[in-house]
Amino acid sequence: MTHPEVRLAIAGRSNNHLCAMDKSRQPNKRVSLAGMHIDRTSAVPLHLQIAAHIRGCILRGTFPAGTQFLGSREIARELGCSRTVVLIAWDLLYAEGYLESTPRGSVMVASVATPHAEPPSVASPAAVPAHMSKRWQSLLAFDYETNWPSEFSPGAPDISTFPFKDWSRLLRQTWQNPREQECLDLPPEGHPRLRSEIANFLGSVRGLVCSPEEVVVTSGTSGALNFCSRMILDPGDEVWVEEPGFVEARWALTAAGAKLVPVPVDDKGLVVSEGIRRAPGARLIVVTPSHQYPLGVSMGLERRLELLDWANKNDVWVIEDDYNSEFRHQDSMIASLRSLDREGRVIYFGTFSKIMMPNLRLGYIVANRHFIDGFSKGRARIDVHTSGVGQLALAEFMREGHLLRHLRGMRRAYATRRKALIDAIATLMPDDLTVSAAVTGLHLVALFTEAMRARMSDREAAASLKQAGIHVQPLSQNFLEQPTLQGLVFGYGRLRVEDASPLLARIAACIGSSSRNASSDPAISSRTVRTIKRGRADRGA
């Protein structure tokens with residue numbers, strides 16, 4: 001639709017109606033959109049943000065019928081955007097019936113746009129349609145921000161050095177002349193060749209000895225937990241979850257109707273005695289023992305044996321999410337909980353999302369054969385199997401050694417980036433942040449000092465940084481109960497070494513205390529320049 005400010009009004013179309021309009025509803029002056037917040041870091045286009053703001057004001061009654069707006073040039077100047085953006089937003093509202101033109105060609109709220117109750121936000125439980133189940137409403141009620149691309153995205157890998165040439169070659173070779181059976185349905189547990197390669201991979205990388213018959217190919221950790229929780233739990237069953245913990249795991253458990261019981265984590269991992277006290281009748285325990293998310297601690301051997309002993313005696317399943325354990329930057333690799341299991345109670349989860357690429361959507365489960373048999377038969381009835389397009393290519397990719405070579409290279413690169421981030425925090429924000437001692441994975445936690453906690457919460461800090469275009473996850477959003485720790489979760493998988501100091505300088509300027517003027521310190525500025533020069537060798541590593 002052509003906007004009224006850039007065309008002549010069509011004679012006779014609505015002028016008579018507009019002229020006869022009740023003058024009592026005409027405003028004394030035209031309104032502006034000054035003060036409207038535009039999030040330039042959002043994936044939502046600017047014209048949709050403007051349209052949503054105006055639409056909401058109309059529905060709330062803030063802009064009643066007959067309200068006239070300033071010209072598009074003035075509004076564009078107020079919002080700091082182009083006039084075209086404003087015109088597109090208005091055209092959208094014209095098409096929806098919220099706006100109409102005046103005899104002089106300006107824009108006003110349409111007479112049919114009668115105000116009613118304010119539309120609830122997407123995150124509000126009231127926004128969930130009534131026909132959705134209570135379990136689904138509980139799932140959508142989680143207050144958690146995800147899916148924002150950032151240098152500090154926790155767990156996000158660097159794909160810039162992935163061997164795409166070898167990967168594309170294997171995909172092409174696999175599907176140029178495939179066997180007929182490979183184009184039909186695969187077994188629900190996955191292609192036998194890939195299951196065999198996964199068993200070999202776990203033996204060499206994690207020291208986890210298993211047979212191909214104990215392996216199931218899945219669509220990643222979230223999909224695996226979704227199936228396992230529905231297989232093990234009845235609605236209302238209690239599940240131990242780590243506090244703080246992996247929120248994505250809680251979503252799958254909530255969707256299965258589980259009752260989540262938060263169990264605190266200390267420097268030795270999940271506090272088993274507290275779990276027993278809080279929920280002695282639990283049916284399932286979900287843990288990340290090798291690299292706890294988000295704190296990064298590793299569960300000690302004594303605590304692991306205590307957990308397995310209680311689970312065996314009480315007929316409780318244990319899901320071990322071996323989160324990012326392939327990336328251990330110091331010391332030797334920690335044995336998995338599954339390797340200590342002698343009763344078949346542990347269900348081991350792994351994924352290729354972090355060592356290859358997230359959208360591959362391939363992972364695996366290792367469990368005893370009775371569990372695998374029940375899992376596969378049930379899955380065949382509701383999901384059939386994981387997409388077969390990448391399974392054969394991945395099997396060949398692993399057989400030719402490409403995955404192990406890529407993993408070794410990324411371990412070195414991530415260790416370098418981790419050190420650069422730790423050094424930048426220690427240099428630029430020593431009075432505000434204390435870095436955790438975790439030596440595994442693709443993220444670290446920077447806990448707030450007492451002085452920092454006195455100034456702001458981590459959610460307030462994250463909101464301020466977001467306004468500056470820096471996305472960092474607040475630690476407190478990983479708690480189910482009242483947070484006992486405040487801090488920020490920094491991913492470094494996508495962080496370039498040369499960006500660590502400049503980004504931390506910006507963070508210090510936004511939320512720091514004595515470090516707030518660090519960017520103007522000549523010593524720090526020269527040090528940042530040296531870091532950038534030194535880090536160019538690691539660009540894209």
# chains A, B, ... in the order shown; residues from 1 in each chain; ligands from 1

$ residues_around --residues "His191 (chain A)" --least-positions-apart "3" --cutoff "12 Å" --atoms "only C-alpha atoms" --output "VMD selection string"
chain A and resid 181 to 188 194 to 198 212 to 213 215 to 218 364 385 to 396

$ atom_distance --atom1 "CA of Leu421 (chain A)" --atom2 "CA of Ser501 (chain A)"
7.4 Å

$ atom_distance --atom1 "CA of Asn200 (chain A)" --atom2 "CA of Ile159 (chain A)"
23.9 Å

$ residues_around --residues "region 440-455 of chain A" --least-positions-apart "3" --cutoff "8 Å" --atoms "only C-alpha atoms" --output "JSON, numbers by chain"
{"A": [154, 155, 156, 157, 291, 294, 295, 296, 323, 324, 325, 326, 327, 328, 329, 330, 414, 418, 431, 432, 433, 434, 435, 436, 458, 475, 485, 486, 487, 488, 489, 490, 491, 492, 493, 512, 513]}

$ residues_around --residues "Gln49 (chain A)" --least-positions-apart "2" --cutoff "10 Å" --atoms "only C-alpha atoms" --output "JSON, numbers by chain"
{"A": [36, 37, 38, 39, 40, 42, 44, 45, 46, 47, 51, 52, 53, 54, 55, 89]}

$ write_last_selection --atoms "all heavy atoms" --output "short mmCIF file (atom, residue, chain, number, x, y, z; two decimals), in the first residue's frame"
data_model
loop_
_atom_site.label_atom_id
_atom_site.label_comp_id
_atom_site.auth_asym_id
_atom_site.auth_seq_id
_atom_site.Cartn_x
_atom_site.Cartn_y
_atom_site.Cartn_z
N MET A 36 10.27 5.95 22.71
CA MET A 36 10.12 4.53 22.39
C MET A 36 11.50 3.88 22.31
O MET A 36 12.42 4.41 21.70
CB MET A 36 9.40 4.37 21.05
CG MET A 36 9.35 2.92 20.58
SD MET A 36 8.88 2.76 18.85
CE MET A 36 9.39 1.05 18.57
N HIS A 37 11.63 2.70 22.93
CA HIS A 37 12.91 1.99 22.90
C HIS A 37 13.02 1.14 21.64
O HIS A 37 12.13 0.34 21.34
CB HIS A 37 13.05 1.09 24.13
CG HIS A 37 14.22 0.16 24.05
ND1 HIS A 37 15.53 0.61 24.03
CD2 HIS A 37 14.28 -1.20 23.95
CE1 HIS A 37 16.34 -0.42 23.95
NE2 HIS A 37 15.61 -1.54 23.89
N ILE A 38 14.09 1.33 20.90
CA ILE A 38 14.39 0.48 19.74
C ILE A 38 15.61 -0.37 20.07
O ILE A 38 16.65 0.16 20.44
CB ILE A 38 14.66 1.33 18.48
CG1 ILE A 38 13.36 1.99 17.99
CG2 ILE A 38 15.26 0.47 17.37
CD1 ILE A 38 13.52 2.78 16.71
N ASP A 39 15.44 -1.67 19.96
CA ASP A 39 16.54 -2.60 20.23
C ASP A 39 17.24 -2.93 18.92
O ASP A 39 16.78 -3.76 18.15
CB ASP A 39 16.00 -3.87 20.90
CG ASP A 39 17.12 -4.82 21.32
OD1 ASP A 39 18.30 -4.49 21.06
OD2 ASP A 39 16.81 -5.87 21.88
N ARG A 40 18.36 -2.27 18.69
CA ARG A 40 19.06 -2.47 17.42
C ARG A 40 19.85 -3.78 17.40
O ARG A 40 20.37 -4.16 16.35
CB ARG A 40 19.99 -1.30 17.14
CG ARG A 40 19.23 0.02 17.05
CD ARG A 40 20.10 1.19 16.65
NE ARG A 40 19.35 2.43 16.72
CZ ARG A 40 18.54 2.87 15.75
NH1 ARG A 40 18.41 2.16 14.66
NH2 ARG A 40 17.88 4.00 15.88
N SER A 42 18.34 -6.58 18.32
CA SER A 42 17.33 -7.63 18.18
C SER A 42 17.26 -8.13 16.75
O SER A 42 17.55 -7.41 15.78
CB SER A 42 15.97 -7.09 18.61
OG SER A 42 14.94 -8.01 18.32
N VAL A 44 14.46 -8.78 15.47
CA VAL A 44 13.19 -8.24 14.97
C VAL A 44 13.47 -6.95 14.20
O VAL A 44 14.08 -6.02 14.74
CB VAL A 44 12.23 -7.96 16.15
CG1 VAL A 44 10.91 -7.39 15.62
CG2 VAL A 44 11.98 -9.22 16.95
N PRO A 45 13.05 -6.84 12.94
CA PRO A 45 13.31 -5.62 12.15
C PRO A 45 12.73 -4.38 12.83
O PRO A 45 11.74 -4.46 13.56
CB PRO A 45 12.61 -5.91 10.82
CG PRO A 45 12.52 -7.41 10.74
CD PRO A 45 12.35 -7.87 12.15
N LEU A 46 13.34 -3.22 12.54
CA LEU A 46 12.93 -1.98 13.19
C LEU A 46 11.48 -1.63 12.88
O LEU A 46 10.74 -1.16 13.75
CB LEU A 46 13.85 -0.83 12.74
CG LEU A 46 15.32 -0.93 13.16
CD1 LEU A 46 16.06 0.32 12.72
CD2 LEU A 46 15.45 -1.12 14.66
N HIS A 47 11.05 -1.85 11.64
CA HIS A 47 9.67 -1.48 11.28
C HIS A 47 8.65 -2.31 12.06
O HIS A 47 7.58 -1.82 12.42
CB HIS A 47 9.44 -1.59 9.78
CG HIS A 47 9.35 -2.99 9.24
ND1 HIS A 47 10.47 -3.73 8.92
CD2 HIS A 47 8.28 -3.78 8.99
CE1 HIS A 47 10.09 -4.91 8.48
NE2 HIS A 47 8.78 -4.97 8.52
N ALA A 51 5.86 -0.85 14.63
CA ALA A 51 4.46 -1.24 14.45
C ALA A 51 3.91 -1.88 15.73
O ALA A 51 2.77 -1.60 16.13
CB ALA A 51 4.32 -2.21 13.27
N ALA A 52 4.71 -2.73 16.39
CA ALA A 52 4.26 -3.38 17.62
C ALA A 52 4.02 -2.36 18.73
O ALA A 52 3.06 -2.48 19.51
CB ALA A 52 5.28 -4.43 18.06
N HIS A 53 4.90 -1.34 18.80
CA HIS A 53 4.73 -0.30 19.82
C HIS A 53 3.43 0.47 19.60
O HIS A 53 2.64 0.67 20.53
CB HIS A 53 5.93 0.64 19.78
CG HIS A 53 5.80 1.82 20.69
ND1 HIS A 53 6.03 1.73 22.05
CD2 HIS A 53 5.43 3.11 20.44
CE1 HIS A 53 5.82 2.92 22.60
NE2 HIS A 53 5.47 3.77 21.65
N ILE A 54 3.19 0.90 18.37
CA ILE A 54 1.97 1.67 18.07
C ILE A 54 0.74 0.80 18.30
O ILE A 54 -0.26 1.24 18.89
CB ILE A 54 2.01 2.20 16.63
CG1 ILE A 54 3.18 3.18 16.46
CG2 ILE A 54 0.69 2.86 16.27
CD1 ILE A 54 3.38 3.66 15.04
N ARG A 55 0.78 -0.43 17.83
CA ARG A 55 -0.35 -1.35 17.99
C ARG A 55 -0.69 -1.54 19.46
O ARG A 55 -1.85 -1.52 19.88
CB ARG A 55 -0.04 -2.68 17.33
CG ARG A 55 -1.22 -3.64 17.25
CD ARG A 55 -0.78 -5.00 16.75
NE ARG A 55 -0.24 -4.95 15.40
CZ ARG A 55 1.05 -5.19 15.13
NH1 ARG A 55 1.90 -5.48 16.11
NH2 ARG A 55 1.47 -5.14 13.88
N ALA A 89 6.30 0.67 8.58
CA ALA A 89 5.56 0.34 9.80
C ALA A 89 4.12 0.84 9.70
O ALA A 89 3.17 0.12 10.05
CB ALA A 89 6.25 0.94 11.02
#

$ residues_around --residues "Arg379 (chain A)" --least-positions-apart "5" --cutoff "10 Å" --atoms "only C-alpha atoms" --output "count of residues only"
10

$ residues_around --residues "Gly220 (chain A)" --least-positions-apart "6" --cutoff "12 Å" --atoms "only C-alpha atoms" --output "PyMOL selection string"
chain A and resi 226-227+248-249+321+323+349-354+357-365+386-387

$ residues_around --residues "Thr41 (chain A)" --least-positions-apart "3" --cutoff "10 Å" --atoms "only C-alpha atoms" --output "ChimeraX atom specification"
/A:38,44-45,148-149,466-471

$ atom_distance --atom1 "CA of Phe201 (chain A)" --atom2 "CA of Leu170 (chain A)"
18.4 Å

$ closest_residue --among "A:Ser298, A:Thr427, A:Ser32, A:Thr84" --to "Phe63 (chain A)" --atoms "only C-alpha atoms"
A:Ser32

$ closest_residue --among "A:Ala279, A:Thr62, A:Pro502, A:Leu284" --to "Arg230 (chain A)" --atoms "only C-alpha atoms"
A:Leu284
